[in-house]
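File shown: upload20.txt (compact mmCIF, C-alpha atoms).
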```
# COMPACT_ATOMS: atom_id res chain seq x y z
CA MET A 55 162.95 -33.12 57.96
CA GLY A 56 161.89 -33.94 61.51
CA MET A 57 160.99 -32.41 64.87
CA MET A 58 160.95 -34.10 68.28
CA THR A 59 158.93 -32.55 71.10
CA GLY A 60 157.86 -34.40 74.25
CA SER A 61 156.46 -37.83 73.47
CA ARG A 62 155.83 -37.19 69.78
CA ARG A 63 158.05 -36.93 66.74
CA LEU A 64 156.97 -35.24 63.52
CA GLU A 65 158.63 -35.90 60.16
CA VAL A 66 157.74 -33.87 57.07
CA GLU A 67 158.83 -34.59 53.50
CA LEU A 68 158.13 -33.20 50.04
CA GLU A 69 157.85 -35.58 47.10
CA ARG A 70 156.96 -35.39 43.43
CA TRP A 71 154.97 -38.25 41.92
CA PRO A 72 155.03 -38.33 38.09
CA LEU A 73 151.72 -38.71 36.26
CA ARG A 74 151.17 -41.41 33.67
CA GLU A 75 150.42 -38.65 31.16
CA PRO A 76 150.01 -34.86 31.32
CA PHE A 77 146.65 -33.76 32.73
CA ALA A 78 145.20 -30.46 31.50
CA ILE A 79 142.53 -28.24 33.05
CA SER A 80 141.52 -24.71 32.08
CA ARG A 81 144.33 -23.01 33.98
CA HIS A 82 147.26 -25.45 33.99
CA ILE A 83 148.84 -28.62 32.62
CA PHE A 84 150.11 -31.02 35.28
CA VAL A 85 152.94 -33.47 34.72
CA ASP A 86 153.37 -34.59 38.34
CA SER A 87 151.78 -34.34 41.76
CA LEU A 88 153.60 -32.46 44.53
CA SER A 89 152.85 -33.95 47.93
CA LEU A 90 153.73 -32.99 51.47
CA THR A 91 153.64 -36.04 53.75
CA VAL A 92 153.73 -35.99 57.54
CA HIS A 93 154.59 -38.91 59.84
CA LEU A 94 153.38 -38.35 63.40
CA ARG A 95 155.07 -40.87 65.68
CA GLU A 96 153.98 -41.62 69.25
CA ALA A 97 155.36 -44.64 71.12
CA ASP A 98 155.08 -47.57 68.68
CA CYS A 99 152.33 -45.99 66.53
CA THR A 100 152.70 -43.76 63.49
CA GLY A 101 149.96 -41.69 61.89
CA ARG A 102 150.39 -40.51 58.30
CA GLY A 103 148.75 -37.81 56.23
CA GLU A 104 149.37 -36.26 52.83
CA CYS A 105 148.38 -33.06 51.08
CA GLU A 106 149.20 -31.21 47.89
CA PRO A 107 150.51 -27.91 49.30
CA HIS A 108 150.17 -26.06 45.99
CA GLU A 109 149.22 -26.98 42.47
CA PHE A 110 152.15 -25.37 40.68
CA GLU A 111 155.17 -24.19 42.67
CA GLN A 112 157.80 -26.15 44.60
CA LEU A 113 158.58 -22.96 46.56
CA VAL A 114 155.13 -22.95 48.12
CA GLY A 115 155.64 -26.59 49.10
CA LEU A 116 158.87 -25.67 50.87
CA GLU A 117 157.09 -22.85 52.66
CA ALA A 118 154.38 -25.25 53.81
CA GLN A 119 157.00 -27.67 55.09
CA ALA A 120 158.72 -24.88 57.02
CA GLU A 121 155.41 -23.70 58.48
CA VAL A 122 154.53 -27.16 59.79
CA LEU A 123 157.92 -27.48 61.46
CA ARG A 124 157.70 -23.95 62.87
CA HIS A 125 154.48 -24.78 64.69
CA ALA A 126 155.80 -28.17 65.83
CA SER A 127 158.87 -26.54 67.38
CA LYS A 128 156.79 -24.66 69.97
CA PRO A 129 157.18 -26.26 73.43
CA GLY A 130 154.31 -28.64 74.13
CA TRP A 131 152.46 -27.72 70.94
CA LEU A 132 152.77 -31.04 69.15
CA ASP A 133 151.92 -33.13 72.22
CA GLY A 134 148.76 -31.09 72.76
CA LEU A 135 147.52 -31.21 69.17
CA SER A 136 144.42 -33.34 68.56
CA ARG A 137 141.46 -33.75 66.23
CA LEU A 138 139.41 -31.88 68.82
CA ASN A 139 141.45 -28.67 68.75
CA ILE A 140 143.21 -28.60 65.37
CA LEU A 141 140.61 -26.32 63.78
CA GLU A 142 141.18 -23.69 66.46
CA ARG A 143 144.97 -24.01 66.54
CA LEU A 144 145.80 -23.97 62.83
CA PRO A 145 144.57 -21.97 59.81
CA CYS A 146 142.68 -23.64 56.99
CA THR A 147 145.52 -24.77 54.71
CA PRO A 148 146.42 -27.91 52.75
CA TRP A 149 149.20 -28.70 55.22
CA ARG A 150 146.66 -28.67 58.07
CA ASN A 151 144.95 -31.41 56.09
CA ALA A 152 148.11 -33.54 56.22
CA LEU A 153 148.39 -33.07 59.99
CA ASP A 154 144.70 -33.68 60.58
CA CYS A 155 144.68 -36.90 58.56
CA ALA A 156 147.80 -38.03 60.43
CA LEU A 157 145.96 -37.47 63.72
CA TRP A 158 143.00 -39.53 62.49
CA ASP A 159 145.38 -42.29 61.43
CA LEU A 160 147.25 -42.16 64.75
CA ASP A 161 144.03 -42.30 66.77
CA ALA A 162 142.83 -45.28 64.73
CA LYS A 163 146.08 -47.16 65.29
CA ARG A 164 146.16 -46.38 69.02
CA SER A 165 142.55 -47.47 69.49
CA GLY A 166 142.76 -50.55 67.27
CA GLN A 167 139.68 -49.33 65.35
CA ARG A 168 139.16 -48.20 61.79
CA ALA A 169 139.12 -44.43 61.41
CA TRP A 170 135.40 -44.29 60.60
CA CYS A 171 134.62 -46.01 63.89
CA LEU A 172 136.12 -43.12 65.90
CA GLU A 173 132.92 -41.06 65.51
CA PRO A 174 129.45 -42.66 65.91
CA GLY A 175 127.83 -40.57 63.18
CA LEU A 176 130.58 -41.41 60.73
CA ALA A 177 130.45 -45.09 61.60
CA ALA A 178 126.73 -45.08 60.86
CA ARG A 179 127.30 -43.41 57.48
CA VAL A 180 130.08 -45.78 56.38
CA GLY A 181 128.21 -48.78 57.75
CA GLU A 182 129.72 -52.08 56.63
CA ALA A 183 132.52 -50.31 54.73
CA LEU A 184 131.33 -51.41 51.32
CA PRO A 185 133.07 -50.12 48.19
CA VAL A 186 131.81 -46.93 46.55
CA GLN A 187 131.62 -46.28 42.83
CA LYS A 188 133.84 -43.56 41.41
CA ILE A 189 133.63 -41.63 38.17
CA PRO A 190 136.47 -41.20 35.66
CA THR A 191 137.73 -37.82 34.47
CA VAL A 192 138.68 -36.83 30.93
CA ALA A 193 141.32 -34.09 30.76
CA LEU A 194 141.03 -31.00 28.59
CA ALA A 195 142.33 -31.76 25.09
CA ASP A 196 141.18 -31.51 21.48
CA PRO A 197 137.68 -32.88 20.81
CA GLN A 198 138.85 -36.08 19.11
CA ASN A 199 141.19 -37.10 21.92
CA MET A 200 138.57 -36.33 24.55
CA ALA A 201 136.01 -38.43 22.68
CA ALA A 202 138.46 -41.32 22.42
CA ALA A 203 139.14 -41.13 26.16
CA ALA A 204 135.41 -41.05 26.90
CA ALA A 205 134.81 -44.13 24.73
CA ARG A 206 137.22 -46.11 26.93
CA CYS A 207 135.19 -45.38 30.09
CA THR A 208 132.59 -48.06 29.50
CA GLU A 209 131.55 -49.02 33.04
CA ALA A 210 131.05 -45.66 34.76
CA PRO A 211 127.60 -44.30 35.69
CA MET A 212 128.69 -40.75 34.90
CA LEU A 213 131.66 -39.14 33.18
CA LYS A 214 133.46 -36.01 34.30
CA ILE A 215 135.09 -33.92 31.58
CA LYS A 216 137.28 -30.85 31.80
CA LEU A 217 136.26 -27.81 29.76
CA GLY A 218 137.22 -24.14 29.85
CA GLY A 219 139.56 -24.08 26.86
CA ALA A 220 140.61 -20.65 25.67
CA ASP A 221 140.21 -21.61 22.00
CA GLY A 222 136.41 -21.38 21.83
CA ARG A 223 136.03 -25.11 21.02
CA ASP A 224 134.27 -26.23 24.20
CA GLY A 225 131.09 -26.82 22.21
CA GLU A 226 132.94 -29.16 19.85
CA ARG A 227 134.46 -30.96 22.83
CA LEU A 228 131.08 -31.40 24.47
CA GLU A 229 129.45 -32.66 21.26
CA ALA A 230 132.27 -35.13 20.59
CA VAL A 231 132.33 -36.52 24.12
CA SER A 232 128.54 -36.81 24.30
CA THR A 233 128.49 -38.82 21.07
CA ALA A 234 131.23 -41.16 22.31
CA TRP A 235 129.48 -41.41 25.69
CA GLN A 236 126.21 -42.23 23.95
CA GLY A 237 124.24 -39.44 25.58
CA ARG A 238 124.63 -40.67 29.14
CA PRO A 239 124.90 -38.14 32.02
CA LEU A 240 127.93 -35.85 32.07
CA LEU A 241 129.60 -33.73 34.70
CA VAL A 242 131.36 -30.76 33.12
CA ASP A 243 134.18 -29.22 35.18
CA VAL A 244 135.21 -25.76 33.97
CA ASN A 245 137.57 -24.87 36.86
CA GLY A 246 136.35 -21.27 36.65
CA GLY A 247 137.42 -21.04 33.02
CA TRP A 248 134.26 -19.45 31.61
CA MET A 249 133.00 -15.89 31.77
CA PRO A 250 129.24 -15.21 32.08
CA ILE A 251 128.99 -14.78 28.31
CA ASP A 252 130.56 -18.23 27.81
CA LEU A 253 128.15 -19.85 30.24
CA LYS A 254 125.20 -18.25 28.45
CA ARG A 255 126.60 -19.53 25.15
CA TRP A 256 127.13 -23.14 26.22
CA LEU A 257 124.26 -23.69 28.66
CA PRO A 258 121.57 -24.64 26.07
CA LEU A 259 123.96 -27.13 24.46
CA ALA A 260 124.87 -28.59 27.85
CA GLN A 261 121.19 -29.07 28.66
CA ARG A 262 120.53 -30.75 25.31
CA LEU A 263 123.48 -33.13 25.76
CA ASN A 264 122.40 -34.39 29.20
CA VAL A 265 124.91 -32.48 31.32
CA ALA A 266 123.74 -33.12 34.87
CA VAL A 267 126.29 -30.92 36.68
CA ILE A 268 128.49 -27.97 35.72
CA GLU A 269 131.28 -27.62 38.25
CA GLN A 270 132.66 -24.13 38.94
CA PRO A 271 131.48 -22.56 35.66
CA LEU A 272 132.65 -19.04 36.61
CA PRO A 273 135.77 -17.84 38.46
CA PRO A 274 135.57 -17.62 42.26
CA GLY A 275 134.13 -14.24 43.18
CA ALA A 276 131.76 -14.16 40.19
CA ASP A 277 129.26 -16.54 41.82
CA GLN A 278 126.54 -13.90 42.02
CA GLU A 279 126.47 -13.78 38.21
CA LEU A 280 125.29 -17.38 37.94
CA PRO A 281 121.80 -17.81 36.51
CA LEU A 282 119.40 -20.48 37.69
CA PRO A 283 120.42 -23.74 35.99
CA PRO A 284 117.86 -25.13 33.54
CA GLY A 285 115.77 -28.17 34.39
CA ASP A 286 117.39 -30.61 36.81
CA MET A 287 120.93 -29.41 36.10
CA ARG A 288 123.08 -28.37 39.07
CA PHE A 289 125.90 -25.87 39.42
CA CYS A 290 128.56 -27.24 41.76
CA ALA A 291 130.91 -24.99 43.74
CA ASP A 292 134.53 -26.15 43.74
CA GLU A 293 137.15 -23.40 43.96
CA SER A 294 134.50 -21.11 45.48
CA CYS A 295 133.75 -23.61 48.27
CA THR A 296 136.47 -23.95 50.87
CA ASP A 297 135.16 -24.66 54.36
CA ARG A 298 131.96 -24.00 56.31
CA GLN A 299 132.61 -20.26 56.30
CA SER A 300 132.08 -20.14 52.53
CA LEU A 301 128.65 -21.80 52.53
CA PRO A 302 126.33 -18.89 53.44
CA ARG A 303 127.72 -16.86 50.56
CA LEU A 304 127.44 -19.74 48.07
CA ALA A 305 124.09 -21.28 48.97
CA PRO A 306 121.96 -18.82 46.91
CA TYR A 307 123.87 -19.56 43.69
CA TYR A 308 124.84 -23.26 43.77
CA GLN A 309 122.92 -26.50 44.12
CA MET A 310 125.90 -28.70 45.09
CA VAL A 311 129.43 -28.47 46.54
CA ASN A 312 132.69 -30.31 45.87
CA VAL A 313 134.42 -31.35 49.10
CA LYS A 314 138.21 -31.66 48.91
CA LEU A 315 140.40 -32.21 51.96
CA ASP A 316 143.08 -29.75 50.85
CA LYS A 317 140.42 -27.03 50.60
CA THR A 318 138.81 -27.78 53.96
CA GLY A 319 142.16 -28.19 55.69
CA GLY A 320 141.48 -31.77 56.71
CA LEU A 321 138.96 -34.50 57.31
CA THR A 322 137.65 -32.92 60.52
CA GLU A 323 136.47 -29.76 58.77
CA ALA A 324 135.31 -31.72 55.70
CA LEU A 325 132.89 -33.68 57.87
CA ALA A 326 131.62 -30.45 59.43
CA LEU A 327 131.25 -28.90 55.97
CA ILE A 328 129.18 -31.86 54.78
CA ASP A 329 126.92 -31.60 57.83
CA GLU A 330 126.37 -27.88 57.26
CA ALA A 331 125.84 -28.31 53.51
CA THR A 332 123.28 -31.03 54.20
CA HIS A 333 121.51 -28.69 56.62
CA LEU A 334 121.31 -26.11 53.82
CA GLY A 335 119.98 -28.68 51.36
CA LEU A 336 123.18 -28.89 49.30
CA PRO A 337 124.33 -32.37 48.23
CA TRP A 338 128.06 -32.95 47.88
CA MET A 339 130.55 -34.66 45.64
CA VAL A 340 134.05 -35.78 46.60
CA GLY A 341 137.15 -34.60 44.76
CA SER A 342 140.88 -34.25 45.25
CA ASN A 343 143.85 -32.14 44.19
CA GLY A 344 145.83 -35.21 43.21
CA GLY A 345 148.41 -37.08 45.24
CA THR A 346 149.01 -40.71 46.09
CA SER A 347 146.77 -43.32 47.66
CA LEU A 348 147.67 -41.87 51.05
CA ALA A 349 146.00 -38.59 50.07
CA MET A 350 142.99 -40.43 48.64
CA ALA A 351 142.39 -42.90 51.48
CA PRO A 352 140.64 -40.46 53.89
CA LEU A 353 138.25 -39.54 51.07
CA TYR A 354 136.68 -42.97 51.48
CA LEU A 355 135.12 -41.75 54.73
CA ILE A 356 133.26 -38.90 53.02
CA ALA A 357 132.47 -40.80 49.83
CA HIS A 358 129.50 -42.57 51.44
CA GLY A 359 126.43 -40.46 50.75
CA ALA A 360 128.12 -38.32 48.07
CA LEU A 361 126.39 -37.83 44.71
CA CYS A 362 129.63 -38.76 42.92
CA VAL A 363 133.21 -39.56 43.82
CA ASP A 364 136.23 -38.37 41.83
CA ALA A 365 139.20 -40.05 43.51
CA GLY A 366 141.86 -42.70 43.00
CA ALA A 367 145.60 -42.86 42.33
CA ASP A 368 145.62 -44.67 38.99
CA HIS A 369 146.85 -41.44 37.38
CA LEU A 370 150.36 -41.99 38.80
CA ILE A 371 153.27 -43.93 37.31
CA ARG A 372 154.02 -45.30 40.78
CA ASP A 373 152.09 -45.20 44.05
CA ARG A 374 152.39 -46.02 47.74
CA GLU A 375 152.59 -49.62 48.85
CA PRO A 376 150.05 -50.77 49.71
CA GLY A 377 147.93 -48.56 47.50
CA LEU A 378 144.25 -47.79 47.51
CA GLU A 379 142.30 -50.58 45.86
CA VAL A 380 140.09 -49.60 42.91
CA ARG A 381 138.53 -52.47 40.94
CA GLN A 382 136.35 -51.90 37.87
CA GLY A 383 135.55 -48.38 39.02
CA TRP A 384 134.78 -49.28 42.64
CA LEU A 385 136.79 -47.67 45.45
CA HIS A 386 137.42 -50.05 48.35
CA ALA A 387 138.13 -49.25 51.97
CA PRO A 388 141.83 -48.46 52.52
CA SER A 389 144.04 -51.10 54.05
CA PRO A 390 144.98 -50.34 57.68
CA ALA A 391 148.60 -50.50 56.52
CA LEU A 392 147.89 -47.57 54.20
CA TRP A 393 145.78 -45.34 56.44
CA GLY A 394 143.07 -45.37 59.09
```

Show the structure stored in the file as structure tokens.
Amino acid sequence: MGMMTGSRRLEVELERWPLREPFAISRHIFVDSLSLTVHLREADCTGRGECEPHEFEQLVGLEAQAEVLRHASKPGWLDGLSRLNILERLPCTPWRNALDCALWDLDAKRSGQRAWCLEPGLAARVGEALPVQKIPTVALADPQNMAAAAARCTEAPMLKIKLGGADGRDGERLEAVSTAWQGRPLLVDVNGGWMPIDLKRWLPLAQRLNVAVIEQPLPPGADQELPLPPGDMRFCADESCTDRQSLPRLAPYYQMVNVKLDKTGGLTEALALIDEATHLGLPWMVGSNGGTSLAMAPLYLIAHGALCVDAGADHLIRDREPGLEVRQGWLHAPSPALWG
């Protein structure tokens, strides 16, 4: 679907990208990735951006598509939209992320520069655009399958595993993975799947098995019930951390935040979130809601300086061409033909 206003044309499409295998977390099993892609055309340049408008329902994706086109149909609105005013003109939604990333891509193409060169502070952080190391993720499954998956991840500095199973076997999962992983550091992602009593139950085991980070141990809204983590362990806010507005409420209870573009509503707010988190003494990790290499490419700009990076499109049966290059666990700068 498309919309032409003034000198710009906006095209919006919904696509489903099948996963190589089902991916389970505490609240859902995914079999594909729903993406909303925008093409923002101006003269002979086209900027692209992608988001995952909702984790579960096609209907919500259709609503997001309609909302983008509704805004774009306002006289002069699309021509006046820029990275400088998008945060004031649109609410914080995944589809704002798609538009924001398309604006970054368009500005890069018009200027003949890479996207990270558009802002001096960002250019300094990315530097010579070297590859960044990413960490693999093991989906929630029975302990034996999770251990087998962990044993295949031989070159990673840290392993992220999904917990939060409703069957009470998270301890078995953690023990099995730790043995297969040979006691190296683990990041446990619960996706809000534990209650305070569960966290109290599993925390001593997690400390003993070298869990460095527990991501979103409790549901959003229960953050005040988090204890102080033992030793050097960190609690990382994911679902509880959206944009900058969420940070003052979270800072007393977490020692780290997960930055995802769909949560922040785009790269522009993600960069501002990182700056504010750094000011508060909170390191960050980089994550995603899924999607193709087009959704992952802007993450490269915020991966530099992150404690860990959970990104890449190797979970899909097929991907964009060209795709994002990941070699032996290292995420490379996106091709200009892909994004930025």

Using all atoms listed in the file, which residue out of A:Leu213, A:Met350, A:Leu157, A:Leu228 lies closest to A:Leu132?
A:Leu157

Name all residues at most 7 Å from A:Leu321 (count all atoms listed in the file; drop same-chain ones fewer than 2 positions away) and give them as an MDAnalysis selection string.
chainID A and resid 151 154:155 315 323:325

Please, which residues are within 10 Å of (143.0, -25.4, 23.7) by the file's coordinates, counting all atoms listed in the file, and could they come as number ranges by chain?
A: 78-80, 194-197, 217-224

Rank A:Leu138, A:Gly246, A:Ala205, A:Pro129 by their smallest atom-to-atom distance to A:Glu173, using only C-alpha atoms, and report the top residue only.
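Answer, going by the shortest atom-to-atom distance: A:Leu138.
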
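Non-sequential neighbours of A:Gly366 (distance at most 10 Å, separation of 4 or more positions within a chain, all atoms listed in the file) are Lys188, Ile189, Pro190, Gly341, Ser342, Gly344, Gly345, Thr346, Ser347, Leu348, Ala349, Met350, Ala351, Leu353, Tyr354, Leu370, Gly377, Leu378, Glu379, Val380, Gly383, Trp384 and Leu385 of chain A.
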
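Take the candidates A:Met339, A:Arg63, A:Ala365, A:Trp393 and check each one against A:Trp158 using only C-alpha atoms; the shortest distance goes to A:Trp393.
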
Take atom CA of A:Trp149 and atom CA of A:Pro72 and report the distance between them in Å, one decimal.
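Atom CA of A:Pro72 lies 20.5 Å from atom CA of A:Trp149.
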
A:His369: which residues within 8 Å, counting only C-alpha atoms, same-chain residues fewer than 6 positions away excluded, as a list in words?
Leu73, Arg74 and Glu75 of chain A

Could you please determine the separation between atom CA of A:Glu229 and atom CA of A:Lys214 in Å, to one decimal place?
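Those two atoms sit 14.0 Å apart.
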
Please fill the gaps in stretch 65-76 of chain A so it has all heavy atoms, and write that as a PDB file, in the coordinates of the input.
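Written file, part_37.pdb:
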```
ATOM      1  N   GLU A  65     157.757 -35.928  61.334  1.00  0.00           N
ATOM      2  CA  GLU A  65     158.630 -35.900  60.160  1.00  0.00           C
ATOM      3  C   GLU A  65     157.816 -35.395  58.975  1.00  0.00           C
ATOM      4  O   GLU A  65     156.666 -35.805  58.781  1.00  0.00           O
ATOM      5  CB  GLU A  65     159.187 -37.300  59.876  1.00  0.00           C
ATOM      6  CG  GLU A  65     160.067 -37.835  61.003  1.00  0.00           C
ATOM      7  CD  GLU A  65     160.453 -39.291  60.798  1.00  0.00           C
ATOM      8  OE1 GLU A  65     160.059 -39.853  59.749  1.00  0.00           O
ATOM      9  OE2 GLU A  65     161.116 -39.859  61.679  1.00  0.00           O
ATOM     10  N   VAL A  66     158.418 -34.505  58.196  1.00  0.00           N
ATOM     11  CA  VAL A  66     157.740 -33.870  57.070  1.00  0.00           C
ATOM     12  C   VAL A  66     158.624 -34.002  55.838  1.00  0.00           C
ATOM     13  O   VAL A  66     159.814 -33.689  55.887  1.00  0.00           O
ATOM     14  CB  VAL A  66     157.452 -32.382  57.352  1.00  0.00           C
ATOM     15  CG1 VAL A  66     156.600 -31.784  56.243  1.00  0.00           C
ATOM     16  CG2 VAL A  66     156.777 -32.194  58.698  1.00  0.00           C
ATOM     17  N   GLU A  67     158.052 -34.463  54.730  1.00  0.00           N
ATOM     18  CA  GLU A  67     158.830 -34.590  53.500  1.00  0.00           C
ATOM     19  C   GLU A  67     158.011 -34.131  52.298  1.00  0.00           C
ATOM     20  O   GLU A  67     156.785 -34.259  52.273  1.00  0.00           O
ATOM     21  CB  GLU A  67     159.302 -36.030  53.297  1.00  0.00           C
ATOM     22  CG  GLU A  67     158.196 -37.068  53.232  1.00  0.00           C
ATOM     23  CD  GLU A  67     158.750 -38.485  53.098  1.00  0.00           C
ATOM     24  OE1 GLU A  67     159.888 -38.636  52.654  1.00  0.00           O
ATOM     25  OE2 GLU A  67     158.007 -39.426  53.440  1.00  0.00           O
ATOM     26  N   LEU A  68     158.714 -33.585  51.312  1.00  0.00           N
ATOM     27  CA  LEU A  68     158.130 -33.200  50.040  1.00  0.00           C
ATOM     28  C   LEU A  68     158.539 -34.202  48.976  1.00  0.00           C
ATOM     29  O   LEU A  68     159.706 -34.589  48.902  1.00  0.00           O
ATOM     30  CB  LEU A  68     158.592 -31.808  49.629  1.00  0.00           C
ATOM     31  CG  LEU A  68     157.902 -30.605  50.276  1.00  0.00           C
ATOM     32  CD1 LEU A  68     158.629 -29.327  49.904  1.00  0.00           C
ATOM     33  CD2 LEU A  68     156.442 -30.523  49.861  1.00  0.00           C
ATOM     34  N   GLU A  69     157.570 -34.617  48.157  1.00  0.00           N
ATOM     35  CA  GLU A  69     157.850 -35.580  47.100  1.00  0.00           C
ATOM     36  C   GLU A  69     157.096 -35.192  45.835  1.00  0.00           C
ATOM     37  O   GLU A  69     156.025 -34.601  45.902  1.00  0.00           O
ATOM     38  CB  GLU A  69     157.408 -36.990  47.525  1.00  0.00           C
ATOM     39  CG  GLU A  69     158.057 -37.514  48.782  1.00  0.00           C
ATOM     40  CD  GLU A  69     157.371 -38.772  49.270  1.00  0.00           C
ATOM     41  OE1 GLU A  69     156.275 -38.644  49.861  1.00  0.00           O
ATOM     42  OE2 GLU A  69     157.898 -39.866  49.037  1.00  0.00           O
ATOM     43  N   ARG A  70     157.671 -35.553  44.695  1.00  0.00           N
ATOM     44  CA  ARG A  70     156.960 -35.390  43.430  1.00  0.00           C
ATOM     45  C   ARG A  70     156.670 -36.774  42.859  1.00  0.00           C
ATOM     46  O   ARG A  70     157.552 -37.615  42.771  1.00  0.00           O
ATOM     47  CB  ARG A  70     157.776 -34.557  42.443  1.00  0.00           C
ATOM     48  CG  ARG A  70     157.766 -33.074  42.765  1.00  0.00           C
ATOM     49  CD  ARG A  70     158.171 -32.215  41.573  1.00  0.00           C
ATOM     50  NE  ARG A  70     158.074 -30.803  41.877  1.00  0.00           N
ATOM     51  CZ  ARG A  70     156.982 -30.070  41.743  1.00  0.00           C
ATOM     52  NH1 ARG A  70     155.863 -30.645  41.311  1.00  0.00           N
ATOM     53  NH2 ARG A  70     156.976 -28.788  42.024  1.00  0.00           N
ATOM     54  N   TRP A  71     155.420 -36.972  42.446  1.00  0.00           N
ATOM     55  CA  TRP A  71     154.970 -38.250  41.920  1.00  0.00           C
ATOM     56  C   TRP A  71     154.564 -38.041  40.461  1.00  0.00           C
ATOM     57  O   TRP A  71     153.541 -37.415  40.180  1.00  0.00           O
ATOM     58  CB  TRP A  71     153.787 -38.772  42.741  1.00  0.00           C
ATOM     59  CG  TRP A  71     154.116 -38.997  44.185  1.00  0.00           C
ATOM     60  CD1 TRP A  71     154.155 -38.071  45.180  1.00  0.00           C
ATOM     61  CD2 TRP A  71     154.470 -40.238  44.791  1.00  0.00           C
ATOM     62  NE1 TRP A  71     154.509 -38.651  46.370  1.00  0.00           N
ATOM     63  CE2 TRP A  71     154.699 -39.985  46.162  1.00  0.00           C
ATOM     64  CE3 TRP A  71     154.595 -41.549  44.320  1.00  0.00           C
ATOM     65  CZ2 TRP A  71     155.061 -40.989  47.061  1.00  0.00           C
ATOM     66  CZ3 TRP A  71     154.948 -42.551  45.213  1.00  0.00           C
ATOM     67  CH2 TRP A  71     155.175 -42.276  46.559  1.00  0.00           C
ATOM     68  N   PRO A  72     155.323 -38.566  39.514  1.00  0.00           N
ATOM     69  CA  PRO A  72     155.030 -38.330  38.090  1.00  0.00           C
ATOM     70  C   PRO A  72     153.692 -38.936  37.671  1.00  0.00           C
ATOM     71  O   PRO A  72     153.315 -40.029  38.108  1.00  0.00           O
ATOM     72  CB  PRO A  72     156.196 -39.019  37.370  1.00  0.00           C
ATOM     73  CG  PRO A  72     157.271 -39.156  38.402  1.00  0.00           C
ATOM     74  CD  PRO A  72     156.567 -39.321  39.710  1.00  0.00           C
ATOM     75  N   LEU A  73     152.976 -38.220  36.809  1.00  0.00           N
ATOM     76  CA  LEU A  73     151.720 -38.710  36.260  1.00  0.00           C
ATOM     77  C   LEU A  73     151.984 -39.635  35.077  1.00  0.00           C
ATOM     78  O   LEU A  73     153.001 -39.517  34.392  1.00  0.00           O
ATOM     79  CB  LEU A  73     150.853 -37.536  35.792  1.00  0.00           C
ATOM     80  CG  LEU A  73     150.536 -36.429  36.803  1.00  0.00           C
ATOM     81  CD1 LEU A  73     149.553 -35.438  36.193  1.00  0.00           C
ATOM     82  CD2 LEU A  73     149.987 -36.985  38.098  1.00  0.00           C
ATOM     83  N   ARG A  74     151.046 -40.524  34.823  1.00  0.00           N
ATOM     84  CA  ARG A  74     151.170 -41.410  33.670  1.00  0.00           C
ATOM     85  C   ARG A  74     151.188 -40.624  32.372  1.00  0.00           C
ATOM     86  O   ARG A  74     151.883 -40.995  31.413  1.00  0.00           O
ATOM     87  CB  ARG A  74     150.001 -42.407  33.645  1.00  0.00           C
ATOM     88  CG  ARG A  74     150.037 -43.425  34.765  1.00  0.00           C
ATOM     89  CD  ARG A  74     148.936 -44.454  34.582  1.00  0.00           C
ATOM     90  NE  ARG A  74     148.906 -45.393  35.695  1.00  0.00           N
ATOM     91  CZ  ARG A  74     149.659 -46.485  35.779  1.00  0.00           C
ATOM     92  NH1 ARG A  74     150.511 -46.766  34.797  1.00  0.00           N
ATOM     93  NH2 ARG A  74     149.573 -47.287  36.826  1.00  0.00           N
ATOM     94  N   GLU A  75     150.428 -39.539  32.327  1.00  0.00           N
ATOM     95  CA  GLU A  75     150.420 -38.650  31.160  1.00  0.00           C
ATOM     96  C   GLU A  75     150.004 -37.265  31.630  1.00  0.00           C
ATOM     97  O   GLU A  75     149.369 -37.128  32.684  1.00  0.00           O
ATOM     98  CB  GLU A  75     149.464 -39.171  30.090  1.00  0.00           C
ATOM     99  CG  GLU A  75     148.054 -39.377  30.562  1.00  0.00           C
ATOM    100  CD  GLU A  75     147.175 -40.044  29.519  1.00  0.00           C
ATOM    101  OE1 GLU A  75     147.684 -40.882  28.747  1.00  0.00           O
ATOM    102  OE2 GLU A  75     145.972 -39.729  29.468  1.00  0.00           O
ATOM    103  N   PRO A  76     150.389 -36.215  30.904  1.00  0.00           N
ATOM    104  CA  PRO A  76     150.010 -34.860  31.320  1.00  0.00           C
ATOM    105  C   PRO A  76     148.489 -34.740  31.465  1.00  0.00           C
ATOM    106  O   PRO A  76     147.719 -35.351  30.709  1.00  0.00           O
ATOM    107  CB  PRO A  76     150.529 -33.978  30.180  1.00  0.00           C
ATOM    108  CG  PRO A  76     151.654 -34.762  29.595  1.00  0.00           C
ATOM    109  CD  PRO A  76     151.238 -36.206  29.691  1.00  0.00           C
TER     110      PRO A  76
END
```
